[in-house]
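Peer 1: Just protein26.csv, nothing more (CSV, C-alpha atoms and all ligand atoms):
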```csv
chain,number,residue,atom,x,y,z
A,1,MET,CA,0.0,0.0,0.0
A,2,SER,CA,2.5,2.6,1.1
A,3,ILE,CA,6.2,2.8,0.1
A,4,TYR,CA,7.0,1.8,3.7
A,5,ASP,CA,4.9,-1.3,3.5
A,6,GLU,CA,6.6,-2.3,0.3
A,7,LEU,CA,10.0,-1.9,2.1
A,8,GLY,CA,8.9,-3.6,5.2
A,9,VAL,CA,9.5,-0.5,7.3
A,10,ARG,CA,6.9,0.1,9.9
A,11,PRO,CA,5.8,3.8,10.3
A,12,LEU,CA,5.5,4.9,13.9
A,13,ILE,CA,3.8,7.5,15.9
A,14,ASN,CA,6.3,10.1,17.2
A,15,ALA,CA,5.3,11.3,20.6
A,16,SER,CA,9.0,12.0,21.5
A,17,ALA,CA,10.4,15.1,19.7
A,18,THR,CA,11.6,16.3,16.3
A,19,LEU,CA,14.4,13.7,16.3
A,20,THR,CA,16.4,13.2,13.2
A,21,ARG,CA,16.6,9.4,13.9
A,22,LEU,CA,12.8,9.3,13.7
A,23,GLY,CA,12.5,11.4,10.6
A,24,GLY,CA,12.5,14.8,12.1
A,25,SER,CA,9.2,16.3,11.1
A,26,VAL,CA,6.5,16.0,8.4
A,27,MET,CA,6.4,18.5,5.6
A,28,ALA,CA,3.2,20.3,4.6
A,29,PRO,CA,1.7,19.5,1.1
A,30,GLU,CA,2.6,23.1,0.0
A,31,VAL,CA,6.3,22.4,0.8
A,32,LEU,CA,6.2,19.2,-1.3
A,33,GLU,CA,4.4,21.0,-4.1
A,34,ALA,CA,7.1,23.7,-4.2
A,35,MET,CA,9.8,21.0,-4.3
A,36,THR,CA,8.1,19.1,-7.1
A,37,GLU,CA,7.8,22.3,-9.1
A,38,ALA,CA,11.4,23.2,-8.5
A,39,SER,CA,12.5,19.7,-9.6
A,40,LYS,CA,11.2,20.2,-13.1
A,41,HIS,CA,13.8,22.7,-14.4
A,42,PHE,CA,17.5,23.4,-14.5
A,43,ILE,CA,18.6,26.6,-12.9
A,44,ASN,CA,21.9,28.3,-11.9
A,45,LEU,CA,22.2,26.9,-8.3
A,46,ASP,CA,24.2,29.9,-7.0
A,47,GLU,CA,21.6,32.3,-8.4
A,48,LEU,CA,18.8,30.2,-6.7
A,49,GLN,CA,20.6,30.1,-3.4
A,50,ARG,CA,20.9,33.9,-3.5
A,51,ALA,CA,17.3,34.5,-4.5
A,52,VAL,CA,16.0,32.1,-1.8
A,53,GLY,CA,18.4,33.7,0.7
A,54,ASN,CA,17.1,37.2,-0.1
A,55,LYS,CA,13.5,36.1,0.6
A,56,LEU,CA,14.5,34.2,3.7
A,57,ALA,CA,16.4,37.3,5.0
A,58,GLU,CA,13.4,39.5,4.4
A,59,LEU,CA,11.0,37.0,6.1
A,60,THR,CA,13.2,36.7,9.1
A,61,HIS,CA,14.2,40.4,9.4
A,62,ASN,CA,17.9,39.6,8.8
A,63,GLU,CA,20.6,41.2,6.7
A,64,SER,CA,21.3,37.9,4.9
A,65,ALA,CA,20.3,34.2,4.9
A,66,TYR,CA,21.6,30.9,3.5
A,67,VAL,CA,20.2,27.3,3.1
A,68,SER,CA,22.6,24.6,4.4
A,69,THR,CA,22.1,20.8,4.6
A,70,GLY,CA,20.9,20.9,8.2
A,71,ALA,CA,22.0,23.0,11.2
A,72,ALA,CA,25.1,20.8,11.7
A,73,ALA,CA,26.3,21.7,8.1
A,74,GLY,CA,25.5,25.3,9.0
A,75,LEU,CA,28.0,25.0,11.9
A,76,VAL,CA,30.6,23.6,9.5
A,77,LEU,CA,30.2,26.4,7.0
A,78,ALA,CA,30.0,29.1,9.6
A,79,THR,CA,33.2,27.9,11.1
A,80,ALA,CA,34.8,27.7,7.7
A,81,ALA,CA,33.6,31.3,7.0
A,82,VAL,CA,35.2,32.7,10.1
A,83,VAL,CA,38.5,30.8,9.6
A,84,ALA,CA,39.0,31.0,5.9
A,85,GLY,CA,36.8,33.9,4.9
A,86,SER,CA,36.5,34.2,1.1
A,87,ASP,CA,40.2,33.7,0.5
A,88,PRO,CA,40.5,31.0,-2.2
A,89,GLN,CA,43.8,29.7,-0.9
A,90,ALA,CA,42.6,29.4,2.7
A,91,ILE,CA,39.4,27.7,1.5
A,92,GLN,CA,41.5,25.1,-0.3
A,93,GLN,CA,43.7,24.6,2.7
A,94,LEU,CA,41.0,23.6,5.2
A,95,PRO,CA,40.8,21.6,7.4
A,96,ASP,CA,44.5,22.5,7.8
A,97,CYS,CA,44.3,25.8,9.7
A,98,THR,CA,48.0,26.6,9.7
A,99,GLY,CA,48.5,30.3,9.5
A,100,LEU,CA,44.8,31.1,9.9
A,101,LYS,CA,42.7,32.2,12.9
A,102,ASN,CA,42.2,28.7,14.3
A,103,GLU,CA,40.7,29.0,17.8
A,104,VAL,CA,37.0,28.8,18.6
A,105,ILE,CA,35.7,29.5,22.1
A,106,ILE,CA,33.0,27.4,23.6
A,107,HIS,CA,31.7,27.2,27.1
A,108,LYS,CA,32.7,24.0,28.8
A,109,SER,CA,29.1,23.5,29.8
A,110,HIS,CA,28.0,23.8,26.2
A,111,ARG,CA,30.2,21.0,24.9
A,112,ASN,CA,27.9,18.6,23.1
A,113,GLY,CA,27.8,16.1,20.2
A,114,TYR,CA,27.1,18.8,17.6
A,115,ASP,CA,30.4,20.6,18.3
A,116,HIS,CA,32.0,17.9,16.1
A,117,ALA,CA,30.7,19.9,13.2
A,118,VAL,CA,32.8,22.9,14.4
A,119,ARG,CA,35.8,20.7,15.1
A,120,GLN,CA,35.8,19.1,11.7
A,121,VAL,CA,37.0,22.3,10.1
A,122,GLY,CA,40.3,21.8,12.0
A,123,VAL,CA,40.0,24.5,14.6
A,124,LYS,CA,41.1,24.2,18.2
A,125,ILE,CA,38.4,24.4,20.8
A,126,ILE,CA,39.2,26.7,23.6
A,127,GLU,CA,36.9,25.8,26.5
A,128,ILE,CA,35.9,28.5,29.0
A,129,GLY,CA,34.5,28.1,32.5
A,130,THR,CA,33.7,25.0,34.4
A,131,GLU,CA,30.7,22.6,34.5
A,132,THR,CA,29.1,24.9,37.1
A,133,GLU,CA,30.3,28.5,36.5
A,134,THR,CA,31.8,30.8,33.9
A,135,LYS,CA,33.2,34.3,34.6
A,136,ALA,CA,33.4,37.2,32.3
A,137,GLU,CA,37.2,37.2,32.7
A,138,ASP,CA,37.3,33.6,31.5
A,139,LEU,CA,36.0,34.8,28.2
A,140,GLU,CA,38.1,38.0,28.1
A,141,LYS,CA,41.3,36.0,28.8
A,142,ALA,CA,40.5,33.4,26.1
A,143,ILE,CA,40.2,35.9,23.3
A,144,ASN,CA,43.4,36.6,21.4
A,145,ASP,CA,44.6,37.2,17.8
A,146,SER,CA,43.8,33.6,16.8
A,147,THR,CA,40.2,33.7,17.9
A,148,ALA,CA,37.9,33.1,15.0
A,149,ALA,CA,34.6,33.0,16.8
A,150,ILE,CA,32.7,32.3,19.9
A,151,PHE,CA,30.1,29.5,19.5
A,152,TRP,CA,27.0,29.6,21.7
A,153,PHE,CA,24.8,26.5,21.9
A,154,GLN,CA,21.2,27.2,22.9
A,155,GLY,CA,19.2,24.3,24.2
A,156,ALA,CA,19.2,21.9,27.2
A,157,MET,CA,22.9,22.8,27.8
A,158,THR,CA,22.2,26.6,28.2
A,159,GLY,CA,21.7,28.6,31.3
A,160,HIS,CA,23.2,26.4,34.0
A,161,ALA,CA,26.9,27.4,34.0
A,162,ASP,CA,27.3,29.9,31.2
A,163,LEU,CA,27.6,33.7,31.0
A,164,PRO,CA,24.4,35.3,29.8
A,165,LEU,CA,24.4,35.6,26.0
A,166,GLU,CA,24.1,39.4,26.3
A,167,LYS,CA,27.3,39.5,28.2
A,168,VAL,CA,29.1,37.2,25.7
A,169,ILE,CA,28.0,39.4,22.9
A,170,GLU,CA,29.1,42.5,24.7
A,171,ILE,CA,32.6,41.2,25.4
A,172,ALA,CA,32.9,39.7,21.9
A,173,ASN,CA,31.8,42.9,20.2
A,174,ARG,CA,34.4,44.9,22.1
A,175,ALA,CA,37.1,42.5,20.8
A,176,ASN,CA,35.5,42.4,17.3
A,177,VAL,CA,34.9,38.6,17.4
A,178,PRO,CA,31.8,37.1,15.9
A,179,VAL,CA,29.3,35.2,18.1
A,180,ILE,CA,27.6,32.3,16.3
A,181,VAL,CA,24.5,30.8,17.9
A,182,ASP,CA,23.5,27.2,17.3
A,183,ALA,CA,19.7,27.6,17.6
A,184,ALA,CA,18.9,24.4,15.8
A,185,ALA,CA,15.8,23.6,17.9
A,186,GLN,CA,14.9,27.1,19.0
A,187,VAL,CA,11.7,27.6,17.2
A,188,PRO,CA,9.1,28.1,18.5
A,189,PRO,CA,9.0,30.9,19.5
A,190,VAL,CA,9.1,32.1,15.8
A,191,GLU,CA,10.7,35.4,17.0
A,192,ASN,CA,13.9,33.5,17.6
A,193,LEU,CA,14.5,33.6,13.9
A,194,TRP,CA,15.5,37.3,14.4
A,195,LYS,CA,16.0,37.6,18.2
A,196,PHE,CA,19.6,36.3,18.4
A,197,THR,CA,20.9,38.4,15.5
A,198,GLN,CA,19.0,41.5,16.8
A,199,MET,CA,20.8,40.9,20.1
A,200,GLY,CA,24.0,41.2,18.3
A,201,ALA,CA,25.0,37.6,17.4
A,202,ALA,CA,26.8,37.5,14.0
A,203,LEU,CA,24.9,34.4,12.8
A,204,ALA,CA,22.1,32.2,14.1
A,205,ILE,CA,21.6,28.6,12.8
A,206,PHE,CA,18.3,26.8,12.7
A,207,SER,CA,17.4,23.2,11.7
A,208,GLY,CA,15.0,23.2,8.7
A,209,GLY,CA,13.9,19.7,9.5
A,210,LYS,CA,12.7,20.2,13.1
A,211,ASP,CA,9.7,22.5,13.9
A,212,LEU,CA,10.1,24.6,10.8
A,213,HIS,CA,8.8,21.5,9.0
A,214,GLY,CA,11.0,21.9,6.0
A,215,PRO,CA,13.0,19.2,4.2
A,216,GLN,CA,15.0,17.0,6.6
A,217,THR,CA,18.2,17.9,4.9
A,218,THR,CA,18.0,21.7,5.3
A,219,GLY,CA,19.3,24.3,7.8
A,220,LEU,CA,18.7,28.0,7.9
A,221,VAL,CA,21.5,30.4,8.6
A,222,VAL,CA,20.7,34.0,9.2
A,223,GLY,CA,22.8,37.1,10.0
A,224,ARG,CA,25.7,39.1,8.8
A,225,LYS,CA,26.0,39.4,5.0
A,226,ASP,CA,29.8,39.3,4.9
A,227,LEU,CA,29.9,36.0,6.8
A,228,ILE,CA,27.1,34.5,4.8
A,229,ASP,CA,28.9,35.5,1.5
A,230,SER,CA,31.9,33.6,2.9
A,231,MET,CA,29.8,30.6,3.7
A,232,ARG,CA,28.7,30.5,0.1
A,233,VAL,CA,32.2,30.2,-1.2
A,234,ASN,CA,33.0,27.6,1.4
A,235,GLY,CA,29.9,25.6,0.4
A,236,SER,CA,28.7,23.4,-2.4
A,237,PRO,CA,28.9,23.5,-5.4
A,238,ASN,CA,32.3,25.1,-4.9
A,239,HIS,CA,35.3,22.7,-4.3
A,240,SER,CA,35.7,23.3,-0.6
A,241,ILE,CA,35.1,21.8,2.8
A,242,GLY,CA,31.4,22.2,2.3
A,243,ARG,CA,31.2,20.4,-1.1
A,244,PRO,CA,30.0,17.1,0.5
A,245,MET,CA,27.1,19.0,2.1
A,246,LYS,CA,25.2,19.6,-1.1
A,247,VAL,CA,21.8,21.4,-1.0
A,248,GLY,CA,19.6,20.8,-4.0
A,249,LYS,CA,17.3,23.2,-5.7
A,250,GLU,CA,14.3,21.3,-4.3
A,251,GLU,CA,15.5,21.7,-0.7
A,252,MET,CA,16.2,25.4,-1.1
A,253,VAL,CA,12.7,26.1,-2.4
A,254,GLY,CA,11.2,23.6,0.1
A,255,LEU,CA,12.8,25.4,3.1
A,256,LEU,CA,11.6,28.8,1.8
A,257,THR,CA,8.0,27.6,1.6
A,258,ALA,CA,8.2,26.0,5.0
A,259,VAL,CA,9.5,29.2,6.6
A,260,GLN,CA,6.8,31.2,4.8
A,261,LEU,CA,4.2,28.9,6.3
A,262,TYR,CA,5.8,28.9,9.7
A,263,ILE,CA,5.8,32.7,9.9
A,264,GLN,CA,2.1,32.8,9.0
A,265,ARG,CA,1.1,29.9,11.4
A,266,ASP,CA,-1.2,30.6,14.3
A,267,HIS,CA,1.4,29.7,17.0
A,268,GLU,CA,-0.9,30.6,19.9
A,269,ALA,CA,-3.7,28.3,18.7
A,270,ARG,CA,-1.1,25.6,18.3
A,271,ALA,CA,0.2,26.0,21.8
A,272,SER,CA,-3.2,26.0,23.3
A,273,GLN,CA,-4.1,22.9,21.4
A,274,ASP,CA,-1.1,21.2,22.8
A,275,GLU,CA,-2.0,22.4,26.3
A,276,GLU,CA,-5.4,20.8,25.9
A,277,VAL,CA,-4.0,17.5,24.8
A,278,VAL,CA,-1.5,17.4,27.7
A,279,SER,CA,-4.1,18.3,30.2
A,280,GLY,CA,-6.4,15.6,28.8
A,281,TRP,CA,-3.7,13.0,28.9
A,282,CYS,CA,-2.7,13.8,32.5
A,283,GLY,CA,-6.3,13.6,33.7
A,284,GLU,CA,-6.8,10.1,32.3
A,285,LEU,CA,-3.4,8.7,33.2
A,286,ASN,CA,-3.7,9.9,36.8
A,287,ARG,CA,-6.6,7.5,37.4
A,288,LEU,CA,-4.3,4.6,37.1
A,289,PRO,CA,-2.5,3.2,40.2
A,290,GLY,CA,1.3,3.7,40.2
A,291,VAL,CA,1.1,6.4,37.5
A,292,GLN,CA,1.7,10.1,38.1
A,293,ALA,CA,1.3,12.4,35.2
A,294,GLU,CA,1.8,16.2,35.2
A,295,ARG,CA,2.4,19.0,32.7
A,296,SER,CA,6.1,19.7,32.0
A,297,PHE,CA,7.0,23.1,30.6
A,298,PRO,CA,9.0,24.2,28.6
A,299,ASN,CA,10.2,21.1,26.7
A,300,GLU,CA,13.7,19.7,26.7
A,301,ALA,CA,14.9,22.1,24.0
A,302,GLY,CA,13.4,25.0,25.9
A,303,GLN,CA,10.6,25.5,23.4
A,304,PRO,CA,7.5,27.1,25.0
A,305,LEU,CA,5.4,24.0,24.5
A,306,PRO,CA,4.1,21.5,27.1
A,307,ARG,CA,4.7,17.8,27.4
A,308,ALA,CA,3.2,15.2,29.8
A,309,LYS,CA,5.7,13.9,32.4
A,310,VAL,CA,4.7,10.5,33.4
A,311,VAL,CA,6.3,8.7,36.4
A,312,ILE,CA,5.8,5.0,36.7
A,313,ASP,CA,6.0,3.3,40.1
A,314,ALA,CA,6.8,-0.2,38.9
A,315,ALA,CA,5.5,-2.0,42.1
A,316,GLN,CA,2.1,-0.3,41.9
A,317,ALA,CA,1.8,-0.1,38.2
A,318,GLY,CA,2.7,-3.7,37.7
A,319,MET,CA,5.3,-2.9,35.1
A,320,SER,CA,8.5,-0.9,34.9
A,321,ARG,CA,9.1,2.2,32.8
A,322,ASP,CA,11.3,0.2,30.4
A,323,GLU,CA,8.6,-2.4,29.9
A,324,LEU,CA,6.1,0.3,29.2
A,325,VAL,CA,8.5,1.9,26.6
A,326,LEU,CA,9.0,-1.5,24.9
A,327,ALA,CA,5.3,-2.3,24.9
A,328,LEU,CA,4.6,1.1,23.2
A,329,ARG,CA,7.4,0.5,20.7
A,330,ASN,CA,6.4,-3.1,19.9
A,331,GLY,CA,2.7,-2.5,19.8
A,332,THR,CA,0.5,-1.6,16.9
A,333,PRO,CA,0.8,1.2,16.0
A,334,SER,CA,4.3,1.6,17.2
A,335,ILE,CA,4.7,4.6,19.5
A,336,GLU,CA,8.0,6.4,20.5
A,337,VAL,CA,8.2,8.4,23.7
A,338,ALA,CA,11.1,10.0,25.5
A,339,SER,CA,12.7,8.3,28.5
A,340,SER,CA,14.2,10.1,31.4
A,341,GLY,CA,15.9,8.8,34.5
A,342,THR,CA,14.8,5.3,35.5
A,343,ASP,CA,11.1,5.7,36.0
A,344,THR,CA,9.9,8.5,33.8
A,345,ILE,CA,8.7,9.1,30.2
A,346,TYR,CA,7.8,12.3,28.5
A,347,VAL,CA,4.9,12.3,26.0
A,348,ASN,CA,5.0,15.1,23.5
A,349,PRO,CA,2.1,16.3,21.4
A,350,MET,CA,4.4,18.5,19.3
A,351,THR,CA,5.1,16.0,16.6
A,352,LEU,CA,1.7,14.3,16.5
A,353,ALA,CA,-0.7,14.4,13.5
A,354,ASP,CA,-4.4,15.1,14.1
A,355,GLY,CA,-6.1,12.3,16.0
A,356,GLU,CA,-2.8,10.7,17.1
A,357,ASP,CA,-3.1,12.1,20.6
A,358,GLN,CA,-6.1,9.9,21.2
A,359,ILE,CA,-4.3,6.8,19.8
A,360,VAL,CA,-1.4,7.5,22.1
A,361,LEU,CA,-3.6,7.9,25.2
A,362,ASP,CA,-5.6,4.7,24.3
A,363,ARG,CA,-2.4,2.7,24.0
A,364,LEU,CA,-1.0,4.0,27.2
A,365,LEU,CA,-4.3,3.2,29.1
A,366,ALA,CA,-4.5,-0.2,27.5
A,367,ILE,CA,-0.9,-1.2,28.3
A,368,LEU,CA,-1.0,0.2,31.8
A,369,SER,CA,-4.3,-1.3,32.8
A,370,LYS,CA,-3.7,-4.7,31.3
A,371,GLN,CA,-0.9,-5.2,33.8
A,372,ARG,CA,-3.1,-4.8,36.8
A,373,VAL,CA,-4.0,-8.0,38.5
A,401,LIG,C1,19.2,19.2,16.1
A,401,LIG,C2,20.4,20.0,16.5
A,401,LIG,C3,21.4,20.2,15.6
A,401,LIG,C4,21.5,19.5,14.2
A,401,LIG,O1,20.5,20.0,13.4
A,401,LIG,P1,20.3,19.3,11.9
A,401,LIG,O2,19.4,20.1,11.2
A,401,LIG,O3,19.8,17.9,12.2
A,401,LIG,O4,21.7,19.2,11.3
A,401,LIG,C5,22.5,21.0,16.0
A,401,LIG,N1,22.5,21.6,17.2
A,401,LIG,C6,21.5,21.4,18.1
A,401,LIG,C7,21.6,22.1,19.4
A,401,LIG,C8,20.4,20.6,17.8
A,401,LIG,O5,19.4,20.4,18.7
```
Could you rewrite the structure in this file as structure tokens?
Ligand SMILES: *Cc1c(COP(=O)(O)O)cnc(C)c1O
Peer 2:
Amino acid sequence: MSIYDELGVRPLINASATLTRLGGSVMAPEVLEAMTEASKHFINLDELQRAVGNKLAELTHNESAYVSTGAAAGLVLATAAVVAGSDPQAIQQLPDCTGLKNEVIIHKSHRNGYDHAVRQVGVKIIEIGTETETKAEDLEKAINDSTAAIFWFQGAMTGHADLPLEKVIEIANRANVPVIVDAAAQVPPVENLWKFTQMGAALAIFSGGKDLHGPQTTGLVVGRKDLIDSMRVNGSPNHSIGRPMKVGKEEMVGLLTAVQLYIQRDHEARASQDEEVVSGWCGELNRLPGVQAERSFPNEAGQPLPRAKVVIDAAQAGMSRDELVLALRNGTPSIEVASSGTDTIYVNPMTLADGEDQIVLDRLLAILSKQRV
């Protein structure tokens, strides 16, 4: 029936998050139509990237914008741009950073799997602060003539041990060092598409395949024109470090359409719909022995959307959290939720299609009540 049946791959209900390993998000029909339309003709790819970038810049109130193959590729190209600029010889030389500005400053508390994208350009990571605290002087002392940029990671890692972003930008601006914000999962709120750059960050990088609901293989980079122009020459189709991270004409047009839709979307209605779902889930789940459900806000990425936090008391519920997660995954339909600690799941309405919230609740109730003796 579907392509997935044919391949023997079982579609699942994603009640976890916009996770790449589960397919990220689902594109709107308008996005797919634009991609189909774009697929029918040859164009000059650089001209299209500039035209799409101009529209994206206008839509997001930024000086310039660029479509990368995902936020992680945006991190690679942004790093290449601050290290090699637009100098053909430096671009050829990467990831050998000899003779170039080769230091990138990152809070120790911000270190995460995605900083591999920065490191692959060959730069040296200069960590500032500790797991629990960072002082302004830590940043001031770390800046020198080799500093190419300061990377700021916004998400679960932010806000515990770092300097405030305002402070980082203030110190960086004084030293004339660009601040680059990884904001991959930072919409909603939609205003974040312009907030970080209006605060003074040089670039902000978003995933196109998360809540923007664009193609999975896209990222949106917004900010300073000179840096984005350098990203272009460090990116495909030019022979450069970015050449393996090719963005196609279909993806460029698809992301533009997705951003247009996202800016027009009624974000308040969406949030209140999610609130209703979570409150309905919690009410029903709390009737079960050994199950404690409550609204959790904001979500793990810091987005202002609610999830249901569900704690399982294995002795009373008659099954452990892990048994519940497996039963959800192995049942029909298969359902993915997020696990936390040893006894907790988070159930997220953000990635559900219409009607799936009821399916998720019914499966949770069926699995958890069947266990009772
Ligand atoms: C998801 C994510 C990325 C990677 O985004 P892609 O578009 O999948 O490349 C990078 N950084 C952070 C903080 C993320 O959450």
Peer 1: Could you name the residues that touch Lys309 in chain A at 6 Å or less, counting only C-alpha atoms, but leaving out those on the same chain fewer than 6 positions away, as a VMD selection string?
Peer 2: chain A and resid 293 to 294 296 346
Peer 1: Can you list every residue of chain A that has an atom at most 7 Å from ligand LIG 401 (chain A), with its nearest atom pair and the distance in Å to one decimal, using all atoms listed in the file, ordered by chain then number, as CSV?
Peer 2:
```
residue,atom,partner,partner_atom,distance
A:Thr20,CA,A:LIG401,O3,5.9
A:Thr69,CA,A:LIG401,O4,6.9
A:Gly70,CA,A:LIG401,O2,3.4
A:Ala71,CA,A:LIG401,O4,3.8
A:Ala72,CA,A:LIG401,O4,3.8
A:Ala73,CA,A:LIG401,O4,6.1
A:Tyr114,CA,A:LIG401,C5,5.3
A:Phe153,CA,A:LIG401,C7,6.0
A:Gln154,CA,A:LIG401,C7,6.2
A:Gly155,CA,A:LIG401,C7,5.8
A:Asp182,CA,A:LIG401,N1,5.7
A:Ala183,CA,A:LIG401,C7,6.1
A:Ala184,CA,A:LIG401,C8,4.5
A:Ala185,CA,A:LIG401,O5,4.9
A:Phe206,CA,A:LIG401,O2,7.0
A:Ser207,CA,A:LIG401,O2,3.7
A:Gly208,CA,A:LIG401,O2,5.9
A:Gly209,CA,A:LIG401,O2,5.8
A:Lys210,CA,A:LIG401,O2,7.0
A:Thr217,CA,A:LIG401,O2,6.8
A:Thr218,CA,A:LIG401,O2,6.3
A:Gly219,CA,A:LIG401,O2,5.4
```
Peer 1: Taking only C-alpha atoms into account, name the residue in A:Glu251, A:Asp343, A:Asp145, A:Asp138 that is nearest to Tyr66 in chain A.
Peer 2: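 Going through A:Glu251, A:Asp343, A:Asp145, A:Asp138 one by one, the smallest distance to Tyr66 in chain A is for A:Glu251.
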Peer 1: When you count all atoms listed in the file, which of these residues is closest to Ile263 in chain A: A:Val67, A:Ala161, A:Leu212, A:Leu203?
Peer 2: A:Leu212
Peer 1: If I take CA of Pro164 in chain A and CA of Thr134 in chain A, how far is one from the other in Å, to one decimal?
Peer 2: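 Going from CA of Pro164 in chain A over to CA of Thr134 in chain A, I get 9.6 Å.
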Peer 1: Just checking: using only C-alpha atoms, which residue out of A:Arg321, A:His213, A:Arg224, A:His160 ends up closest to Gln198 in chain A?
Peer 2: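 Going through A:Arg321, A:His213, A:Arg224, A:His160 one by one, the smallest distance to Gln198 in chain A is for A:Arg224.
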Peer 1: Set the distance at 8 Å and use only C-alpha atoms: which residues neighbour Val337 in chain A once local chain neighbours fewer than 5 positions away are removed? I'd like the list as a PDB file with C-alpha atoms, in the coordinates of the input.
Peer 2:
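And here is the file that came out, out03.pdb:
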```pdb
ATOM      1  CA  ASN A  14       6.300  10.100  17.200  1.00  0.00           C
ATOM      2  CA  ALA A  15       5.300  11.300  20.600  1.00  0.00           C
ATOM      3  CA  SER A  16       9.000  12.000  21.500  1.00  0.00           C
ATOM      4  CA  VAL A 325       8.500   1.900  26.600  1.00  0.00           C
ATOM      5  CA  ILE A 345       8.700   9.100  30.200  1.00  0.00           C
ATOM      6  CA  TYR A 346       7.800  12.300  28.500  1.00  0.00           C
ATOM      7  CA  VAL A 347       4.900  12.300  26.000  1.00  0.00           C
ATOM      8  CA  ASN A 348       5.000  15.100  23.500  1.00  0.00           C
TER       9      ASN A 348
END
```
Peer 1: Using Å and a single decimal, report how far CA of Pro349 in chain A sits from CA of Met157 in chain A.
Peer 2: 22.7 Å
Peer 1: Name the closest residue to Met35 in chain A among the candidates A:Val253, A:Ile359, A:Met350, A:Val277; distances are taken between atoms, counting all atoms listed in the file.
Peer 2: A:Val253
Peer 1: Could you tell me how far CA of Leu32 in chain A sits from CA of Thr257 in chain A, in Å to one decimal place?
Peer 2: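 Calculated distance between CA of Thr257 in chain A and CA of Leu32 in chain A is 9.1 Å.
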Peer 1: With distances taken over all atoms listed in the file, which of A:Leu288, A:Ala258, A:Val76, A:Lys249 is nearest to Lys40 in chain A?
Peer 2: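 Among the listed residues, A:Lys249 lies closest to Lys40 in chain A.
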Peer 1: Could you check which of A:Glu336, A:Glu103, A:Asp96, A:Asp274 is closest to Gly23 in chain A, using all atoms listed in the file?
Peer 2: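 With all atoms listed in the file as the atom set, the closest residue is A:Glu336.
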Peer 1: Name the residues in contact with Asn144 in chain A at a cut-off of 12 Å, using all atoms listed in the file, excluding same-chain residues fewer than 4 positions from it; report them as a list in words.
Peer 2: Lys101, Asn102, Glu103, Val104, Ile105, Ile126, Leu139, Glu140, Ala148, Ala149, Ile150, Ala172, Ala175, Asn176 and Val177 of chain A
Peer 1: Compile the contact shell of Arg295 in chain A as a ChimeraX atom specification: residues with an atom at most 10 Å away, counting all atoms listed in the file, same-chain residues fewer than 4 positions apart removed.
Peer 2: /A:275,278-279,281-282,306-310,346-347
Peer 1: Give me, as a list in words, all polymer residues having an atom no more than 9 Å from range 228-239 of chain A, counting all atoms listed in the file and skipping those fewer than 5 positions away in the same chain.
Peer 2: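 Everything that qualifies: Leu45, Asp46, Gln49, Ser64, Ala65, Tyr66, Ser68, Gly74, Leu77, Ala78, Thr79, Ala80, Ala81, Val82, Ala84, Gly85, Ser86, Asp87, Pro88, Ile91, Gln92, Leu203, Val221, Val222, Gly223, Pro244, Met245, Lys246 and Val247 of chain A.
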Peer 1: For the point (26.6, 28.5, 26.7) in the file's frame, write as number ranges by chain all residues with an atom no more than 7 Å away, counting all atoms listed in the file.
Peer 2: A: 107, 109-110, 152-154, 157-159, 162-163
Peer 1: Add whatever atoms are absent from range 235-242 of chain A to reach N, CA, C and O atoms, and provide the output as an mmCIF file, keeping the file's coordinate frame.
Peer 2:
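Writing done, so here's out-v1.cif:
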```
data_model
loop_
_atom_site.group_PDB
_atom_site.id
_atom_site.type_symbol
_atom_site.label_atom_id
_atom_site.label_comp_id
_atom_site.auth_asym_id
_atom_site.auth_seq_id
_atom_site.Cartn_x
_atom_site.Cartn_y
_atom_site.Cartn_z
ATOM 1 N N GLY A 235 30.957 26.656 0.561
ATOM 2 C CA GLY A 235 29.900 25.600 0.400
ATOM 3 C C GLY A 235 29.797 25.090 -0.964
ATOM 4 O O GLY A 235 30.405 25.611 -1.911
ATOM 5 N N SER A 236 28.992 24.014 -1.112
ATOM 6 C CA SER A 236 28.700 23.400 -2.400
ATOM 7 C C SER A 236 28.005 24.438 -3.293
ATOM 8 O O SER A 236 27.248 25.257 -2.771
ATOM 9 N N PRO A 237 28.171 24.454 -4.593
ATOM 10 C CA PRO A 237 28.900 23.500 -5.400
ATOM 11 C C PRO A 237 30.401 23.773 -5.546
ATOM 12 O O PRO A 237 31.067 23.109 -6.334
ATOM 13 N N ASN A 238 30.913 24.750 -4.783
ATOM 14 C CA ASN A 238 32.300 25.100 -4.900
ATOM 15 C C ASN A 238 33.180 23.946 -4.298
ATOM 16 O O ASN A 238 32.776 23.318 -3.324
ATOM 17 N N HIS A 239 34.354 23.712 -4.852
ATOM 18 C CA HIS A 239 35.300 22.700 -4.300
ATOM 19 C C HIS A 239 35.839 23.283 -3.012
ATOM 20 O O HIS A 239 36.606 24.238 -3.038
ATOM 21 N N SER A 240 35.423 22.707 -1.899
ATOM 22 C CA SER A 240 35.700 23.300 -0.600
ATOM 23 C C SER A 240 35.296 22.295 0.466
ATOM 24 O O SER A 240 34.796 21.217 0.150
ATOM 25 N N ILE A 241 35.490 22.682 1.718
ATOM 26 C CA ILE A 241 35.100 21.800 2.800
ATOM 27 C C ILE A 241 33.642 21.459 2.826
ATOM 28 O O ILE A 241 33.200 20.419 3.292
ATOM 29 N N GLY A 242 32.862 22.375 2.266
ATOM 30 C CA GLY A 242 31.400 22.200 2.300
ATOM 31 C C GLY A 242 30.854 21.426 1.087
ATOM 32 O O GLY A 242 29.643 21.159 1.026
#
```
